[in-house]
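Structure first, commentary second.
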Amino acid sequence: MAVLRFPDTDAMFDREPEIRAELARLGIDYERWTLDRVPPDSSAETVLEAYAAEIDEMKRRGGYVTADVIDVNPQTPNLDAMLSKFDKEHTHSEDEVRFILAGRGIFFLNISGRVASVEVGPGDTHWFTLCEDRRIRAVRWFQDTTGWTPHYTNSGVDRGYQPLCFGPAYLGARVRSDIALGENV
Ligand SMILES: [Fe+2]
């Protein structure tokens with residue numbers, strides 16, 4: 001279950017059609033894919049095989065040449081150092097596409113000065129951080145391996161927004177997942 005917020009106005013959307021419509025206005029594609037093809041503890045290879053058709057279609061749509069699975073949890077070595085690379089406002093040279101398999105995090109988007117946060121459950125500039133459980137697993141697509149490099153804006157905008165995730169009770173059933181495709185994010 002995703003949650004879209006505009007922290008400056010306290011506006012919030014948690015229904016899928018509304019989230020899709022609001023994000024479309026911002027130039028962000030949002031889709032939900034079912035997560036029922038493989039057990040939650042499947043290997044990365046099994047996940048990539050099970051969703052090969054969708055992953056290949058996304059490659060065609062976005063000009064991506066490769067996809068992988070990232071998996072981080074509280075025991076991941078140097079997790080704080082990893083997060084500190086992405087929780088500051090930045091851009092990439094290609095669209096950032098993620099299929100969330102497990103865990104939760106928040107993408108902050110700064111679109112022409114209007115900040116939105118998208119909590120993903122299982123734009124313009126953006127920054128990312130994890131929710132309290134510090135766990136996320138996702139398929140990532142790349143046009144080339146340098147596309148993932150963050151280009152920092154050093155605007156300081158990111159320091160004005162606290163990550164606000166729903167509590168653990170709001171996790172819901174693990175039967176759907178979220179995918180977001182943004183422009184220049
Ligand atoms: Fe990024």
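Quick note on naming: the chains in the structure tokens go A, B, ... in the order shown, residues restart at 1 in each chain, and ligands are numbered from 1 in order of appearance.
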
Filtered DSSP result for stretch 31-160 of chain A, state strand (DSSP E), as a PyMOL selection string: chain A and resi 31-34+66-72+90-91+97-103+105-111+114-120+125-130+136-142+151-152

Test item: residues lying within 7 Å of ligand 1 with only C-alpha atoms and all ligand atoms, as a ChimeraX atom specification: /A:86,90-92,96,126-128,148,150,185

Generate the output file for the selected residues, N, CA and C atoms, as a PDB file, in the first residue's frame.
ATOM      1  N   PHE A  86      21.683   8.509  -0.422  1.00  0.00           N
ATOM      2  CA  PHE A  86      20.434   8.708  -1.145  1.00  0.00           C
ATOM      3  C   PHE A  86      19.393   9.533  -0.398  1.00  0.00           C
ATOM      4  N   HIS A  90      18.800  14.788  -4.909  1.00  0.00           N
ATOM      5  CA  HIS A  90      19.656  14.513  -6.057  1.00  0.00           C
ATOM      6  C   HIS A  90      18.821  14.216  -7.291  1.00  0.00           C
ATOM      7  N   THR A  91      19.497  14.121  -8.412  1.00  0.00           N
ATOM      8  CA  THR A  91      18.892  13.669  -9.666  1.00  0.00           C
ATOM      9  C   THR A  91      19.707  12.480 -10.171  1.00  0.00           C
ATOM     10  N   HIS A  92      19.196  11.830 -11.217  1.00  0.00           N
ATOM     11  CA  HIS A  92      19.965  10.818 -11.925  1.00  0.00           C
ATOM     12  C   HIS A  92      19.907  11.134 -13.412  1.00  0.00           C
ATOM     13  N   GLU A  96      14.333   6.597 -12.546  1.00  0.00           N
ATOM     14  CA  GLU A  96      14.532   5.621 -11.475  1.00  0.00           C
ATOM     15  C   GLU A  96      13.253   4.800 -11.337  1.00  0.00           C
ATOM     16  N   HIS A 126      14.831  14.267  -6.095  1.00  0.00           N
ATOM     17  CA  HIS A 126      14.221  13.398  -5.085  1.00  0.00           C
ATOM     18  C   HIS A 126      15.269  12.954  -4.081  1.00  0.00           C
ATOM     19  N   TRP A 127      14.796  12.355  -3.012  1.00  0.00           N
ATOM     20  CA  TRP A 127      15.671  11.681  -2.068  1.00  0.00           C
ATOM     21  C   TRP A 127      14.887  10.538  -1.445  1.00  0.00           C
ATOM     22  N   PHE A 128      15.595   9.579  -0.840  1.00  0.00           N
ATOM     23  CA  PHE A 128      14.949   8.340  -0.391  1.00  0.00           C
ATOM     24  C   PHE A 128      15.458   7.952   0.985  1.00  0.00           C
ATOM     25  N   TRP A 148      22.738   5.199 -11.891  1.00  0.00           N
ATOM     26  CA  TRP A 148      22.292   5.165 -10.507  1.00  0.00           C
ATOM     27  C   TRP A 148      23.019   6.200  -9.652  1.00  0.00           C
ATOM     28  N   PRO A 150      23.978   9.277  -7.773  1.00  0.00           N
ATOM     29  CA  PRO A 150      23.229  10.474  -7.424  1.00  0.00           C
ATOM     30  C   PRO A 150      24.015  11.745  -7.740  1.00  0.00           C
ATOM     31  N   VAL A 185      14.279  10.917 -12.194  1.00  0.00           N
ATOM     32  CA  VAL A 185      14.327  10.781 -10.744  1.00  0.00           C
ATOM     33  C   VAL A 185      15.499   9.899 -10.326  1.00  0.00           C
TER      34      VAL A 185
END

Test item: residues at most 12 Å from A:Leu48, only C-alpha atoms, excluding those fewer than 2 positions along its chain, as number ranges by chain: A: 37-38, 42-46, 50-56, 66-70, 99, 101, 138-141

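Using only C-alpha atoms, the shortest contact distance between A:Asn154 and any of A:Ala102, A:Lys88, A:Val115, A:Ile136 is found at A:Lys88.
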
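Using only C-alpha atoms, the shortest contact distance between A:Arg159 and any of A:Leu23, A:Glu89, A:Trp33, A:Asp71 is found at A:Glu89.
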
Backbone DSSP call of alpha helix (DSSP H) for stretch 10-178 of chain A, listed as a VMD selection string: chain A and resid 16 to 25 44 to 50 52 to 62 79 to 84

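Comparing A:Val118, A:Val65, A:Gln143, A:Ile111 by their smallest distance to A:Arg25, the closest is A:Ile111 (using only C-alpha atoms).
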
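Of the listed residues A:Asp10, A:Ser93, A:Leu109, A:Glu49, the one whose atoms come nearest to A:Ile28 is A:Leu109, with distances taken using only C-alpha atoms.
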